[in-house]
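J.: My structure is below; once you've seen it, I'll send some questions.
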Amino acid sequence: MAAGRSVWKGHLRFNMVVVPVAAYTAAASGGGGISFNQIHRDCNQRIKLVKTCPEHGEVRNDEIVKGYEFEKGQYAIVDPAEIEKLKTQGDKAISIESFVGCDTVDPRYFSGSNYYLLPDGMVGQRPYNLLTRAMRESKRYGFAKVFFSGHDQLVLVRPVGKTLVMSLLSYQQEMKPHHEFEGDIADVDLPANEMKLARTLIDAMSVSDKEFDLASYRDTYQDNLRTLVEAKIKGEEVATVLDVEQEPRVINLMDALEKSLAAAAKKKPPKLVAPSPAATAKQIRKRKTS
């Protein structure tokens, strides 16, 4: 059973197939970290943020409307009912426009918001499993559009295990073109030996998909912060010794590459190589004669 409540319900649609789904926030509540409240130092009471009008002082939520500033101090008032009328019947559907390769969308377009899509009710179980398995076996992601959180969103739907994950994407018009920054990067002639050593270092530091474990990495700052808060609750004092990292010393590039390669070689376990048939036969003869 999915933890928490769904944040959205609708349909996942590809061509004539419609799958009822519910979306659940993928990120842990509060980002999984420690959050603080603003407290009055003198009495330990929580600070309240009050909405005020410069002319009338504090106002209630039902007195607040939406306004667009078209000139300084001049606003066009838009009623929420008028905005609601702009929505179409398709607003509750994730419409897959096409299926693309896993590497088609550049990672810079990912906004960082992800949602788990689960079948909503028994009727959606079969088409959901069909789509998830077909996408996984064909190594394709679904590129789709949906009206979500008050906006027309571009999303990428991809299988992760038995689950579908919907990742929100940025529009190209929201991104700064990378070529705007390339003028700050000089064209440099790179010697062949440096390039060869750099590629060798990359190969030495590379791991396979099976070896890479993202779960082994933790936010140590949040871990330390949680320890501090728990100690404060218990009335304990915490003495923390921070490791002060020295500023890296700039050395010759070739020396840096060679030292890095040597260090990377020490970290990697030696590869297991099967003995040759001749060596195996020699070992067998040696055991028989001993």
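Residue numbering restarts at 1 for every chain of the structure tokens, chains are lettered A, B, ... in their displayed order, and ligands are numbered from 1 as they appear.
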DSSP says strand (DSSP E or B) for which residues of range 94-259 of chain A? Put them as a ChimeraX atom specification?
T.: /A:94-101,110-119,140-148,151-160,163-169
J.: Run DSSP on the backbone and tell me which residues of range 39-255 of chain A come out as alpha helix (DSSP H); list them as an MDAnalysis selection string.
T.: chainID A and resid 80:85 125:138 192:205 220:234 253:255
J.: Please produce an output containing N, CA and C atoms for each residue in the selection, written as a short mmCIF file (atom, residue, chain, number, x, y, z; two decimals), in the first residue's frame.
T.:
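Produced file selection22.cif, reproduced below:
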data_model
loop_
_atom_site.label_atom_id
_atom_site.label_comp_id
_atom_site.auth_asym_id
_atom_site.auth_seq_id
_atom_site.Cartn_x
_atom_site.Cartn_y
_atom_site.Cartn_z
N PRO A 80 -10.48 33.66 -9.57
CA PRO A 80 -10.14 32.23 -9.69
C PRO A 80 -11.12 31.46 -10.57
N ALA A 81 -12.39 31.86 -10.58
CA ALA A 81 -13.38 31.19 -11.42
C ALA A 81 -13.06 31.37 -12.90
N GLU A 82 -12.51 32.54 -13.24
CA GLU A 82 -12.13 32.80 -14.64
C GLU A 82 -10.96 31.91 -15.05
N ILE A 83 -10.02 31.70 -14.12
CA ILE A 83 -8.89 30.81 -14.41
C ILE A 83 -9.36 29.38 -14.57
N GLU A 84 -10.34 29.00 -13.73
CA GLU A 84 -10.86 27.63 -13.77
C GLU A 84 -11.49 27.32 -15.12
N LYS A 85 -12.12 28.32 -15.74
CA LYS A 85 -12.77 28.11 -17.03
C LYS A 85 -11.78 27.84 -18.15
N GLN A 125 -4.83 -2.06 -13.10
CA GLN A 125 -3.67 -2.92 -12.86
C GLN A 125 -3.12 -3.56 -14.13
N ARG A 126 -3.97 -4.12 -14.95
CA ARG A 126 -3.50 -4.83 -16.15
C ARG A 126 -2.85 -3.89 -17.18
N PRO A 127 -3.52 -2.80 -17.60
CA PRO A 127 -2.87 -1.91 -18.56
C PRO A 127 -1.63 -1.24 -17.98
N TYR A 128 -1.62 -0.98 -16.67
CA TYR A 128 -0.45 -0.38 -16.03
C TYR A 128 0.75 -1.31 -16.15
N ASN A 129 0.55 -2.58 -15.79
CA ASN A 129 1.64 -3.55 -15.87
C ASN A 129 2.08 -3.78 -17.31
N LEU A 130 1.13 -3.76 -18.23
CA LEU A 130 1.45 -3.93 -19.65
C LEU A 130 2.36 -2.81 -20.13
N LEU A 131 2.00 -1.57 -19.81
CA LEU A 131 2.78 -0.41 -20.26
C LEU A 131 4.16 -0.41 -19.61
N THR A 132 4.21 -0.66 -18.29
CA THR A 132 5.48 -0.63 -17.57
C THR A 132 6.44 -1.67 -18.13
N ARG A 133 5.96 -2.88 -18.33
CA ARG A 133 6.84 -3.96 -18.83
C ARG A 133 7.27 -3.69 -20.26
N ALA A 134 6.35 -3.21 -21.10
CA ALA A 134 6.68 -2.93 -22.50
C ALA A 134 7.74 -1.83 -22.60
N MET A 135 7.62 -0.78 -21.77
CA MET A 135 8.60 0.30 -21.77
C MET A 135 9.95 -0.20 -21.30
N ARG A 136 9.94 -1.04 -20.26
CA ARG A 136 11.20 -1.56 -19.71
C ARG A 136 11.91 -2.45 -20.73
N GLU A 137 11.17 -3.32 -21.40
CA GLU A 137 11.79 -4.24 -22.35
C GLU A 137 12.24 -3.53 -23.62
N SER A 138 11.53 -2.49 -24.02
CA SER A 138 11.91 -1.75 -25.23
C SER A 138 12.90 -0.63 -24.94
N ALA A 192 48.56 15.20 -26.77
CA ALA A 192 48.00 13.86 -26.91
C ALA A 192 48.27 13.01 -25.67
N ASN A 193 49.45 13.19 -25.04
CA ASN A 193 49.76 12.37 -23.87
C ASN A 193 48.87 12.72 -22.67
N GLU A 194 48.52 14.00 -22.54
CA GLU A 194 47.61 14.39 -21.47
C GLU A 194 46.21 13.83 -21.70
N MET A 195 45.75 13.88 -22.94
CA MET A 195 44.44 13.35 -23.27
C MET A 195 44.38 11.85 -23.02
N LYS A 196 45.46 11.15 -23.42
CA LYS A 196 45.50 9.70 -23.23
C LYS A 196 45.47 9.35 -21.75
N LEU A 197 46.22 10.09 -20.94
CA LEU A 197 46.26 9.83 -19.50
C LEU A 197 44.92 10.17 -18.85
N ALA A 198 44.29 11.23 -19.31
CA ALA A 198 42.98 11.60 -18.76
C ALA A 198 41.95 10.53 -19.06
N ARG A 199 41.95 9.99 -20.29
CA ARG A 199 41.01 8.93 -20.65
C ARG A 199 41.29 7.66 -19.84
N THR A 200 42.57 7.38 -19.61
CA THR A 200 42.94 6.22 -18.81
C THR A 200 42.45 6.37 -17.38
N LEU A 201 42.55 7.59 -16.84
CA LEU A 201 42.07 7.85 -15.49
C LEU A 201 40.55 7.68 -15.41
N ILE A 202 39.84 8.16 -16.42
CA ILE A 202 38.39 8.00 -16.46
C ILE A 202 38.01 6.53 -16.48
N ASP A 203 38.73 5.74 -17.29
CA ASP A 203 38.47 4.29 -17.35
C ASP A 203 38.74 3.64 -16.00
N ALA A 204 39.82 4.06 -15.33
CA ALA A 204 40.18 3.47 -14.04
C ALA A 204 39.15 3.79 -12.96
N MET A 205 38.52 4.97 -13.06
CA MET A 205 37.54 5.38 -12.05
C MET A 205 36.11 5.00 -12.41
N THR A 220 25.67 13.78 5.03
CA THR A 220 26.26 13.72 6.37
C THR A 220 25.96 14.97 7.18
N TYR A 221 25.78 16.10 6.52
CA TYR A 221 25.43 17.32 7.24
C TYR A 221 24.09 17.15 7.95
N GLN A 222 23.10 16.58 7.23
CA GLN A 222 21.79 16.35 7.83
C GLN A 222 21.86 15.32 8.95
N ASP A 223 22.71 14.30 8.77
CA ASP A 223 22.89 13.30 9.83
C ASP A 223 23.44 13.97 11.09
N ASN A 224 24.45 14.81 10.94
CA ASN A 224 25.04 15.51 12.08
C ASN A 224 24.04 16.49 12.70
N LEU A 225 23.25 17.13 11.85
CA LEU A 225 22.25 18.08 12.35
C LEU A 225 21.18 17.36 13.15
N ARG A 226 20.76 16.18 12.68
CA ARG A 226 19.76 15.40 13.41
C ARG A 226 20.31 14.95 14.77
N THR A 227 21.59 14.55 14.80
CA THR A 227 22.23 14.18 16.06
C THR A 227 22.25 15.35 17.04
N LEU A 228 22.54 16.55 16.53
CA LEU A 228 22.58 17.74 17.36
C LEU A 228 21.20 18.04 17.95
N VAL A 229 20.15 17.96 17.09
CA VAL A 229 18.79 18.26 17.54
C VAL A 229 18.33 17.24 18.59
N GLU A 230 18.62 15.95 18.35
CA GLU A 230 18.23 14.92 19.31
C GLU A 230 18.93 15.12 20.65
N ALA A 231 20.20 15.55 20.61
CA ALA A 231 20.93 15.82 21.86
C ALA A 231 20.32 17.02 22.59
N LYS A 232 19.92 18.05 21.82
CA LYS A 232 19.30 19.23 22.42
C LYS A 232 18.00 18.86 23.13
N ILE A 233 17.22 17.96 22.50
CA ILE A 233 15.95 17.54 23.09
C ILE A 233 16.19 16.82 24.42
N LYS A 234 17.27 16.04 24.48
CA LYS A 234 17.61 15.29 25.69
C LYS A 234 18.35 16.15 26.71
N LEU A 253 49.94 19.51 -14.32
CA LEU A 253 48.78 18.72 -14.75
C LEU A 253 49.13 17.26 -14.97
N MET A 254 50.27 16.99 -15.61
CA MET A 254 50.68 15.61 -15.84
C MET A 254 50.93 14.89 -14.52
N ASP A 255 51.58 15.58 -13.56
CA ASP A 255 51.81 14.98 -12.25
C ASP A 255 50.49 14.66 -11.56
#
J.: Select, from A:Gly161, A:Pro191, A:Gly142, A:Gly73, the residue with the minimum atom-to-atom distance to Gly101 in chain A, counting only C-alpha atoms.
T.: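 Under the stated criterion, the closest residue is A:Gly142.
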J.: Please provide as a compact mmCIF listing (two decimals) with N, CA and C atoms, in the first residue's frame all residues within 12 Å of Ile64 in chain A, with the sequence filter that same-chain residues fewer than 6 positions apart are discarded (counting only C-alpha atoms).
T.:
# COMPACT_ATOMS: atom_id res chain seq x y z
N LYS A 51 -0.51 38.41 6.98
CA LYS A 51 -0.71 39.11 5.71
C LYS A 51 -1.37 40.46 5.99
N THR A 52 -0.75 41.51 5.50
CA THR A 52 -1.25 42.85 5.79
C THR A 52 -1.39 43.68 4.52
N CYS A 53 -2.28 44.66 4.60
CA CYS A 53 -2.47 45.66 3.54
C CYS A 53 -1.92 46.98 4.07
N GLU A 58 -4.05 44.09 8.83
CA GLU A 58 -4.20 42.65 8.65
C GLU A 58 -5.48 42.34 7.86
N ILE A 77 -7.20 42.58 -12.01
CA ILE A 77 -7.70 41.57 -11.08
C ILE A 77 -8.27 40.40 -11.87
N VAL A 78 -7.84 39.18 -11.51
CA VAL A 78 -8.31 37.96 -12.18
C VAL A 78 -8.98 37.08 -11.14
N ASP A 79 -10.24 36.74 -11.40
CA ASP A 79 -11.00 35.90 -10.48
C ASP A 79 -10.61 34.43 -10.66
N PRO A 80 -10.48 33.66 -9.57
CA PRO A 80 -10.14 32.23 -9.69
C PRO A 80 -11.12 31.46 -10.57
J.: Rounded to one decimal, what separation in Å do you get between CA of Phe14 in chain A and CA of Met175 in chain A?
T.: 27.8 Å
J.: Please compute the CA of Glu258 in chain A-CA of Leu214 in chain A distance, one decimal, in Å.
T.: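 We find that CA of Glu258 in chain A and CA of Leu214 in chain A lie 27.7 Å from each other.
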J.: So that I can see what lies close to Lys145 in chain A, please list as an mmCIF file with C-alpha atoms, in the first residue's frame the residues with an atom at most 12 Å from it, counting only C-alpha atoms and leaving out residues fewer than 3 positions away in the same chain.
T.:
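Result file selection01.cif:
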data_model
loop_
_atom_site.group_PDB
_atom_site.id
_atom_site.type_symbol
_atom_site.label_atom_id
_atom_site.label_comp_id
_atom_site.auth_asym_id
_atom_site.auth_seq_id
_atom_site.Cartn_x
_atom_site.Cartn_y
_atom_site.Cartn_z
ATOM 1 C CA HIS A 11 -5.397 9.042 -16.433
ATOM 2 C CA LEU A 12 -2.211 8.026 -18.203
ATOM 3 C CA ARG A 13 -3.096 7.961 -21.886
ATOM 4 C CA PHE A 14 -1.072 6.565 -24.774
ATOM 5 C CA GLY A 90 -7.916 16.860 -20.839
ATOM 6 C CA ASP A 91 -6.462 18.489 -17.765
ATOM 7 C CA LYS A 92 -6.751 15.261 -15.781
ATOM 8 C CA ALA A 93 -4.765 13.210 -18.268
ATOM 9 C CA ILE A 94 -1.057 12.526 -18.730
ATOM 10 C CA SER A 95 -0.992 12.347 -22.519
ATOM 11 C CA ILE A 96 2.035 10.525 -23.901
ATOM 12 C CA GLU A 97 3.035 12.276 -27.116
ATOM 13 C CA SER A 98 5.813 9.853 -28.078
ATOM 14 C CA GLY A 142 7.224 8.221 -22.443
ATOM 15 C CA PHE A 148 -0.220 19.715 -13.079
ATOM 16 C CA HIS A 151 0.718 24.682 -15.085
ATOM 17 C CA ASP A 152 0.997 22.902 -18.401
ATOM 18 C CA GLN A 153 3.913 20.588 -17.713
ATOM 19 C CA LEU A 154 6.235 18.563 -19.875
ATOM 20 C CA VAL A 155 7.027 15.250 -18.192
ATOM 21 C CA LEU A 156 9.010 12.096 -18.765
ATOM 22 C CA VAL A 157 7.386 8.840 -17.664
ATOM 23 C CA MET A 166 6.862 10.892 -13.680
ATOM 24 C CA SER A 167 9.636 13.515 -13.817
ATOM 25 C CA LEU A 168 8.760 17.148 -14.493
ATOM 26 C CA LEU A 169 10.791 18.854 -17.230
ATOM 27 C CA SER A 170 11.611 22.491 -17.926
ATOM 28 C CA TYR A 171 10.584 24.084 -21.211
#
J.: Between A:Arg158, A:Lys176, A:His40, A:Met122, which is the closest to Asp103 in chain A once you count only C-alpha atoms?
T.: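 Closest to Asp103 in chain A, using only C-alpha atoms: A:Arg158.
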J.: I'd like to know which of A:Phe143, A:Phe36, A:Tyr24, A:Trp8 is closest to Val100 in chain A, using only C-alpha atoms.
T.: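 The shortest atom-to-atom distance to Val100 in chain A comes from A:Phe143.
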